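Peer 1: Take a look at this one; I'll ask things after.
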Amino acid sequence: MFGCKINRLKAVNLLLFLLIITTILTSKASSDLDGALKLTITSISWEMATQTENYTSFDMYFNLTIDNISSKTIEAVFADSCKFDSYINYQLNDSSLLLTTHGNEACFLMITELRLPPGPSYLNEYEYVKINDSSLTDLPDGYYEVVIGEEYVKLNPYFEKEARASFQVFNDSNSFDLPERPTYEVSVNNLSILSSLIFFSILLQIHRKKKKQF
């Protein structure tokens with residue numbers, strides 16, 4: 001009877017130990033996902049949209065890549081169909097020109113969810129650009145910097161940082177400075193490995209006890 005109580009006590013202690021270890025590892029696994037999503041602008045293009053008496057507008061398109069360097073699928077939730085916030089810093093050679101962006105006008109107010117498996121995922125972003133010159137046929141000469149996701153990633157720890165890229169327009173030619181995508185190896189899920197080892201150890205102890213009984 002006394003031996004039975006000792007065995008029960010050992011079993012309870014073992015279960016408590018496993019519960020504590022699992023809780024710690026689950027918390028660590030969650031924090032390991034912080035910064036696991038790398039957002040990169042991979043291409044930029046534009047085309048003239050409309051001309052009025054007061055301005056010329058352009059549709060600007062961005063191809064994005066989200067690299068998930070973890071071994072888990074991560075779910076990202078966005079407040080509208082455009083997903084990321086974006087804006088353009090600029091310095092035009094003609095200081096009389098003003099550029100405004102209106103990306104939100106093309107967004108639908110709907111919650112959008114993305115499931116991002118390990119590895120790369122691809123999506124697009126869009127900006128509607130207006131410049132106060134009705135004679136333009138292309139973007140005016142100057143320097144442009146595109147910033148995507150700055151406000152969003154501050155609230156979402158899964159993303160490492162916002163995406164930035166720049167380009168120059170000069171004498172009807174364009175030069176782009178696009179960042180390289182990260183090189184990485186998908187991380188190993190330590191929680192699942194350790195859980196398997198603990199489970200195997202328990203089975204081994206049970207098997208040994210049964211052999212001793214016989």
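In the structure tokens, chains take the letters A, B, ... in the order shown, each chain's residues start at 1, and ligands count up from 1 in the order shown.
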Find the residues around Leu136 in chain A up to 12 Å (only C-alpha atoms counted), leave out those fewer than 3 positions away in its own chain, and share them as a list in words.
Peer 2: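 With the cut-off at 12 Å, the set is Glu47, Met48, Ala49, Thr50, Gln51, Thr52, Glu53, Asn54, Tyr55, Thr56, Ser57, Phe58, Leu97, Lys130, Ile131, Asn132, Asp133, Leu139, Pro140, Asp141 and Asp172 of chain A.
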Peer 1: Using the selection just defined, write its residues with N, CA and C atoms as a CSV table (one decimal), in the first residue's frame.
Peer 2:
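Saved file again05.csv follows:
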```
chain,number,residue,atom,x,y,z
A,47,GLU,N,2.3,53.5,-64.1
A,47,GLU,CA,1.7,53.9,-65.4
A,47,GLU,C,0.8,55.1,-65.2
A,48,MET,N,0.8,56.0,-66.2
A,48,MET,CA,-0.1,57.1,-66.1
A,48,MET,C,-1.5,56.7,-66.0
A,49,ALA,N,-2.3,57.3,-65.1
A,49,ALA,CA,-3.7,56.9,-65.0
A,49,ALA,C,-4.7,58.0,-65.6
A,50,THR,N,-4.6,59.2,-65.1
A,50,THR,CA,-5.5,60.3,-65.7
A,50,THR,C,-4.7,61.6,-65.7
A,51,GLN,N,-5.2,62.5,-66.6
A,51,GLN,CA,-4.8,63.9,-66.6
A,51,GLN,C,-6.0,64.8,-66.6
A,52,THR,N,-5.9,65.8,-65.7
A,52,THR,CA,-7.0,66.8,-65.6
A,52,THR,C,-6.3,68.2,-65.8
A,53,GLU,N,-7.1,69.2,-65.6
A,53,GLU,CA,-6.6,70.6,-65.8
A,53,GLU,C,-5.6,70.9,-64.6
A,54,ASN,N,-5.7,70.2,-63.5
A,54,ASN,CA,-4.9,70.6,-62.3
A,54,ASN,C,-3.8,69.6,-62.0
A,55,TYR,N,-3.9,68.4,-62.4
A,55,TYR,CA,-2.9,67.4,-62.0
A,55,TYR,C,-2.8,66.2,-63.0
A,56,THR,N,-1.8,65.4,-62.8
A,56,THR,CA,-1.6,64.1,-63.5
A,56,THR,C,-1.5,63.0,-62.4
A,57,SER,N,-2.2,61.9,-62.6
A,57,SER,CA,-2.2,60.8,-61.6
A,57,SER,C,-1.5,59.6,-62.2
A,58,PHE,N,-0.9,58.8,-61.4
A,58,PHE,CA,-0.2,57.6,-61.8
A,58,PHE,C,-0.7,56.4,-60.8
A,97,LEU,N,6.8,71.2,-57.8
A,97,LEU,CA,5.9,70.1,-57.9
A,97,LEU,C,5.6,69.5,-56.5
A,130,LYS,N,-0.7,61.4,-57.2
A,130,LYS,CA,-1.1,62.6,-57.9
A,130,LYS,C,0.0,63.7,-57.8
A,131,ILE,N,0.2,64.4,-58.9
A,131,ILE,CA,1.2,65.4,-59.0
A,131,ILE,C,0.6,66.6,-59.7
A,132,ASN,N,0.8,67.8,-59.1
A,132,ASN,CA,0.1,69.0,-59.5
A,132,ASN,C,0.7,69.6,-60.8
A,133,ASP,N,0.7,68.8,-61.8
A,133,ASP,CA,1.2,69.3,-63.2
A,133,ASP,C,0.4,68.5,-64.2
A,139,LEU,N,6.5,60.0,-64.4
A,139,LEU,CA,6.9,60.6,-63.1
A,139,LEU,C,8.1,61.6,-63.3
A,140,PRO,N,8.0,62.8,-62.7
A,140,PRO,CA,9.0,63.8,-62.9
A,140,PRO,C,10.4,63.3,-62.3
A,141,ASP,N,11.5,64.0,-62.8
A,141,ASP,CA,12.8,63.6,-62.3
A,141,ASP,C,12.9,63.9,-60.8
A,172,ASP,N,14.2,60.6,-68.4
A,172,ASP,CA,13.4,59.5,-68.9
A,172,ASP,C,14.0,58.1,-68.7
```
Peer 1: Pick out each residue of range 6-187 of chain A that DSSP on the backbone tags as strand (DSSP E or B); I need them as a PyMOL selection string.
Peer 2: chain A and resi 37-51+56-68+74-78+86-92+99-101+112-116+119-131+142-148+159+163-170+173-177
Peer 1: Find the residues around Tyr126 in chain A up to 7 Å (only C-alpha atoms counted), leave out those fewer than 2 positions away in its own chain, and share them as a PyMOL selection string.
Peer 2: chain A and resi 60-62+103+124+128
Peer 1: To one decimal place, how far is CA of Cys82 in chain A from CA of Phe167 in chain A in Å?
Peer 2: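 A separation of 22.2 Å between them.
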Peer 1: Closest to Val153 in chain A among A:Asp85, A:Asp67, A:Glu75, A:Asp32, using only C-alpha atoms?
Peer 2: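 Nearest to Val153 in chain A: A:Asp85.
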Peer 1: Residues of range 50-189 of chain A in helix (DSSP H, G or I) according to DSSP, as an mmCIF file with N, CA and C atoms, in the first residue's frame?
Peer 2:
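Written file, selection.cif:
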```cif
data_model
loop_
_atom_site.group_PDB
_atom_site.id
_atom_site.type_symbol
_atom_site.label_atom_id
_atom_site.label_comp_id
_atom_site.auth_asym_id
_atom_site.auth_seq_id
_atom_site.Cartn_x
_atom_site.Cartn_y
_atom_site.Cartn_z
ATOM 1 N N GLY A 103 -3.554 55.879 -51.514
ATOM 2 C CA GLY A 103 -3.715 54.426 -51.556
ATOM 3 C C GLY A 103 -4.971 53.938 -50.866
ATOM 4 N N ASN A 104 -5.372 54.611 -49.777
ATOM 5 C CA ASN A 104 -6.531 54.145 -49.019
ATOM 6 C C ASN A 104 -7.842 54.276 -49.781
ATOM 7 N N GLU A 105 -7.870 55.127 -50.800
ATOM 8 C CA GLU A 105 -9.097 55.295 -51.565
ATOM 9 C C GLU A 105 -9.452 54.017 -52.339
ATOM 10 N N ALA A 106 -8.470 53.183 -52.592
ATOM 11 C CA ALA A 106 -8.706 51.959 -53.353
ATOM 12 C C ALA A 106 -8.865 50.734 -52.448
ATOM 13 N N GLU A 150 5.114 50.306 -42.205
ATOM 14 C CA GLU A 150 5.790 50.867 -41.022
ATOM 15 C C GLU A 150 4.883 50.850 -39.791
ATOM 16 N N GLU A 151 3.663 51.335 -39.919
ATOM 17 C CA GLU A 151 2.746 51.361 -38.776
ATOM 18 C C GLU A 151 2.241 49.963 -38.442
ATOM 19 N N TYR A 152 1.998 49.156 -39.458
ATOM 20 C CA TYR A 152 1.443 47.818 -39.217
ATOM 21 C C TYR A 152 2.404 46.952 -38.416
ATOM 22 N N VAL A 153 3.685 46.958 -38.786
ATOM 23 C CA VAL A 153 4.631 46.049 -38.127
ATOM 24 C C VAL A 153 4.930 46.463 -36.691
ATOM 25 N N LYS A 154 4.668 47.735 -36.347
ATOM 26 C CA LYS A 154 4.844 48.152 -34.954
ATOM 27 C C LYS A 154 3.866 47.429 -34.034
ATOM 28 N N LEU A 155 2.698 47.044 -34.566
ATOM 29 C CA LEU A 155 1.669 46.375 -33.782
ATOM 30 C C LEU A 155 1.696 44.864 -33.956
#
```
